[in-house]
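Chemist: Just so it is clear, I am handing over start_19.tsv, which has TSV, C-alpha atoms.
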```tsv
chain	number	residue	atom	x	y	z
A	4	MET	CA	0.00	0.00	0.00
A	5	GLN	CA	1.18	3.47	-0.71
A	6	GLU	CA	1.63	6.64	1.27
A	7	SER	CA	-0.95	9.30	0.54
A	8	SER	CA	-0.53	13.05	0.28
A	9	ASP	CA	-1.25	13.40	4.01
A	10	GLY	CA	1.94	11.48	4.86
A	11	ILE	CA	0.04	8.49	6.27
A	12	ARG	CA	1.00	5.07	4.95
A	13	ILE	CA	-1.33	2.09	5.46
A	14	ARG	CA	0.04	-1.44	5.26
A	15	ASP	CA	-0.72	-4.96	6.39
A	16	ALA	CA	0.74	-6.01	9.73
A	17	SER	CA	3.26	-8.80	10.12
A	18	ILE	CA	4.48	-10.80	13.11
A	19	GLY	CA	7.45	-8.44	13.30
A	20	ASP	CA	5.08	-5.61	14.20
A	21	ALA	CA	4.17	-7.14	17.57
A	22	SER	CA	6.15	-4.57	19.55
A	23	ASP	CA	4.13	-1.79	17.87
A	24	VAL	CA	0.76	-3.57	18.11
A	25	ALA	CA	1.04	-4.35	21.85
A	26	PRO	CA	0.98	-0.69	23.03
A	27	LEU	CA	-1.85	0.10	20.62
A	28	LEU	CA	-3.92	-2.71	22.12
A	29	GLU	CA	-3.01	-1.38	25.57
A	30	ALA	CA	-4.17	2.12	24.55
A	31	LEU	CA	-7.47	0.59	23.44
A	32	GLY	CA	-7.88	-0.97	26.88
A	33	TYR	CA	-6.76	-4.53	26.13
A	34	PRO	CA	-3.52	-5.26	28.01
A	35	CYS	CA	-1.09	-7.14	25.84
A	36	ASP	CA	2.65	-7.76	25.74
A	37	ARG	CA	4.79	-8.30	22.64
A	38	ASP	CA	4.42	-12.09	22.70
A	39	GLY	CA	0.66	-11.83	23.11
A	40	ALA	CA	0.49	-9.37	20.24
A	41	ALA	CA	2.54	-11.75	18.08
A	42	ASP	CA	0.05	-14.54	18.84
A	43	ARG	CA	-2.89	-12.29	17.95
A	44	ILE	CA	-1.26	-11.15	14.71
A	45	ALA	CA	-0.55	-14.79	13.80
A	46	ALA	CA	-4.20	-15.68	14.39
A	47	VAL	CA	-5.34	-12.88	12.08
A	48	LEU	CA	-2.78	-13.77	9.41
A	49	SER	CA	-3.91	-17.41	9.44
A	50	ASP	CA	-7.53	-16.43	8.70
A	51	PRO	CA	-8.12	-15.31	5.09
A	52	ARG	CA	-11.29	-13.46	6.15
A	53	GLN	CA	-9.42	-11.15	8.54
A	54	ARG	CA	-6.99	-8.27	8.04
A	55	LEU	CA	-4.89	-6.19	10.39
A	56	LEU	CA	-3.71	-2.89	8.94
A	57	LEU	CA	-1.21	-0.48	10.44
A	58	ALA	CA	-0.92	3.24	9.82
A	59	GLU	CA	2.51	4.84	9.76
A	60	ILE	CA	3.67	8.43	9.75
A	61	ALA	CA	7.34	8.96	8.88
A	62	GLY	CA	7.97	5.23	9.34
A	63	HIS	CA	6.47	5.06	12.85
A	64	VAL	CA	3.36	2.98	13.56
A	65	CYS	CA	0.65	5.30	14.84
A	66	GLY	CA	-2.58	3.33	14.49
A	67	MET	CA	-4.20	0.07	13.55
A	68	VAL	CA	-7.47	-1.42	12.44
A	69	GLY	CA	-8.58	-5.04	12.48
A	70	MET	CA	-11.43	-6.24	10.32
A	71	GLU	CA	-13.20	-9.42	9.41
A	72	LEU	CA	-15.56	-10.43	6.65
A	73	ARG	CA	-18.43	-12.77	7.39
A	74	TYR	CA	-21.70	-13.92	5.96
A	75	SER	CA	-24.76	-12.54	7.71
A	76	LEU	CA	-27.54	-15.09	7.85
A	77	ALA	CA	-30.03	-12.39	8.84
A	78	ARG	CA	-29.10	-10.11	5.93
A	79	GLY	CA	-28.29	-12.80	3.38
A	80	ALA	CA	-25.10	-11.03	2.36
A	81	GLU	CA	-21.46	-10.58	3.21
A	82	GLN	CA	-20.73	-7.93	5.79
A	83	ALA	CA	-17.59	-6.51	7.34
A	84	ARG	CA	-16.89	-5.88	10.97
A	85	ILE	CA	-14.21	-3.66	12.44
A	86	THR	CA	-12.77	-5.66	15.33
A	87	ALA	CA	-10.37	-3.01	16.65
A	88	LEU	CA	-9.51	0.55	15.70
A	89	VAL	CA	-7.03	2.65	17.63
A	90	VAL	CA	-4.78	5.63	17.04
A	91	ALA	CA	-1.79	6.26	19.30
A	92	PRO	CA	-2.58	9.21	21.59
A	93	ALA	CA	0.37	11.20	20.19
A	94	CYS	CA	-1.07	10.84	16.66
A	95	GLU	CA	-4.70	11.73	17.30
A	96	ARG	CA	-6.40	14.42	15.22
A	97	GLN	CA	-4.06	13.91	12.25
A	98	GLY	CA	-6.52	11.96	10.06
A	99	VAL	CA	-5.13	8.54	10.92
A	100	GLY	CA	-8.44	7.06	12.11
A	101	ARG	CA	-10.29	8.32	9.05
A	102	ARG	CA	-7.64	6.90	6.72
A	103	LEU	CA	-7.85	3.52	8.44
A	104	LEU	CA	-11.65	3.55	8.14
A	105	ARG	CA	-11.51	4.45	4.44
A	106	GLU	CA	-9.06	1.62	3.84
A	107	VAL	CA	-11.23	-1.06	5.48
A	108	GLU	CA	-14.34	0.31	3.77
A	109	GLY	CA	-12.56	-0.11	0.42
A	110	ILE	CA	-11.52	-3.67	1.27
A	111	ALA	CA	-15.09	-4.45	2.34
A	112	ARG	CA	-16.53	-3.05	-0.90
A	113	GLN	CA	-14.06	-5.05	-3.00
A	114	ALA	CA	-15.11	-8.19	-1.12
A	115	GLY	CA	-18.76	-7.51	-1.92
A	116	ALA	CA	-19.81	-6.64	1.63
A	117	ALA	CA	-23.14	-4.86	1.79
A	118	ARG	CA	-22.54	-3.39	5.23
A	119	ILE	CA	-19.77	-2.59	7.69
A	120	GLU	CA	-20.25	-2.41	11.43
A	121	VAL	CA	-18.27	-1.44	14.48
A	122	THR	CA	-19.02	-1.45	18.18
A	123	ALA	CA	-17.64	0.86	20.84
A	124	ALA	CA	-18.20	0.60	24.58
A	125	GLY	CA	-20.82	2.93	26.01
A	126	SER	CA	-18.10	4.78	27.91
A	127	ARG	CA	-16.22	5.73	24.72
A	128	GLY	CA	-18.07	8.93	23.88
A	129	ASN	CA	-15.22	10.28	21.75
A	130	ALA	CA	-15.29	7.11	19.64
A	131	HIS	CA	-19.06	7.45	19.17
A	132	THR	CA	-18.63	11.03	18.00
A	133	PHE	CA	-15.82	9.98	15.64
A	134	TYR	CA	-17.81	7.15	14.03
A	135	ARG	CA	-20.89	9.35	13.59
A	136	SER	CA	-18.71	12.04	11.95
A	137	CYS	CA	-17.50	9.37	9.51
A	138	GLY	CA	-21.04	8.45	8.44
A	139	TYR	CA	-21.74	5.57	10.82
A	140	ASP	CA	-25.21	5.48	12.38
A	141	ASP	CA	-26.40	4.02	15.65
A	142	ALA	CA	-27.61	0.59	14.57
A	143	SER	CA	-28.51	-1.70	17.44
A	144	LEU	CA	-27.91	-2.37	21.06
A	145	HIS	CA	-25.01	-4.77	21.58
A	146	PHE	CA	-25.01	-7.43	24.31
A	147	ALA	CA	-22.12	-9.57	25.53
A	148	LYS	CA	-21.53	-12.32	28.06
A	149	LEU	CA	-18.15	-13.55	29.23
A	150	LEU	CA	-17.89	-17.33	29.12
A	151	GLY	CA	-15.31	-17.81	31.85
A	152	ASP	CA	-15.05	-20.32	34.67
```
Represent the structure contained in this file as structure tokens.

Modeler:
Amino acid sequence: MQESSDGIRIRDASIGDASDVAPLLEALGYPCDRDGAADRIAAVLSDPRQRLLLAEIAGHVCGMVGMELRYSLARGAEQARITALVVAPACERQGVGRRLLREVEGIARQAGAARIEVTAAGSRGNAHTFYRSCGYDDASLHFAKLLGD
């Protein structure tokens, strides 16, 4: 992938990016060390329906987005889901998040997805504002249950 006129370069992640991915996951609220990030990257790379993209400015990783494609039984069509989107705090308000969104939207369109969705915790008001400003609408209430011991 190429660098755009805004100086942001988007590229696919590799296992060697684990030391950059770990602090981004931490910033998103999901504690992770380098080895854990390497495992997560490997899982994404082994699944042809997932992608993990990194944004760089001047050669430094400053954001990432994970996405997956899946068939929606309810909608009868392919859809895309953003599984993680984060911009390093030092790189916020430079267009990185918007560039990452545009990139995954393009990938989703090329794959024939009819819809793209993303969830953000209720406490992430800034994320809600960001997604709305990028054309995303409130869609449905999201429920979750941890399946631990």

Chemist: Counting only C-alpha atoms, which residues have an atom no more than 9 Å from (-16.4, -12.1, 7.8) in the file's coordinates? Please list them as a list in words.

Modeler: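 These residues have at least one counted atom within 9 Å: Arg52, Gln53, Met70, Glu71, Leu72, Arg73, Tyr74, Ser75, Glu81, Gln82, Ala83, Arg84 and Ala116 of chain A.
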
Chemist: So that I can check the surroundings of A:Val24, please list as a count of residues only every protein, DNA and RNA residue that reaches within 9 Å of it, counting only C-alpha atoms and ignoring chain neighbours fewer than 6 positions away.

Modeler: 11

Chemist: Do you have the atom CA of A:Arg127-atom CA of A:Gly62 distance handy?

Modeler: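 So the two atoms, atom CA of A:Arg127 and atom CA of A:Gly62, lie 28.7 Å apart.
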
Chemist: Can you pull out every residue within 12 Å of A:Gly32, counting only C-alpha atoms, but drop anything in the same chain fewer than 3 positions away, and send it as a ChimeraX atom specification?

Modeler: /A:25-29,35,87-89,123-124,126-127

Chemist: So which residues touch A:Leu56 within 7 Å, counting only C-alpha atoms, skipping near sequence neighbours fewer than 6 positions away, as a list of chain:residue names?

Modeler: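 So the residues in contact are A:Ile13, A:Arg14, A:Asp15, A:Ala16, A:Met67, A:Val68, A:Gly69.
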
Chemist: Tell me, in Å to one decimal, how far atom CA of A:Arg118 is from atom CA of A:Ser17.

Modeler: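 Pair atom CA of A:Arg118 / atom CA of A:Ser17 returns 26.8 Å.
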
Chemist: Record the distance separating atom CA of A:Tyr33 and atom CA of A:Gly10, expressed in Å with one decimal.

Modeler: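 Separation of atom CA of A:Tyr33 and atom CA of A:Gly10: 28.0 Å.
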
Chemist: When you look at A:Arg102 with a cut-off of 10 Å (counting all atoms listed in the file), what residues show up, excluding the ones that are within fewer than 2 positions of it in the same chain? I need them as a ChimeraX atom specification.

Modeler: /A:7,9,11-13,58,66,97-100,104-108

Chemist: Between A:Pro34, A:Gly115, A:Gly125, A:Pro92, which one has atoms that come closest to A:Cys65, using all atoms listed in the file?

Modeler: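 Checking each candidate against A:Cys65, we get A:Pro92 as the closest.
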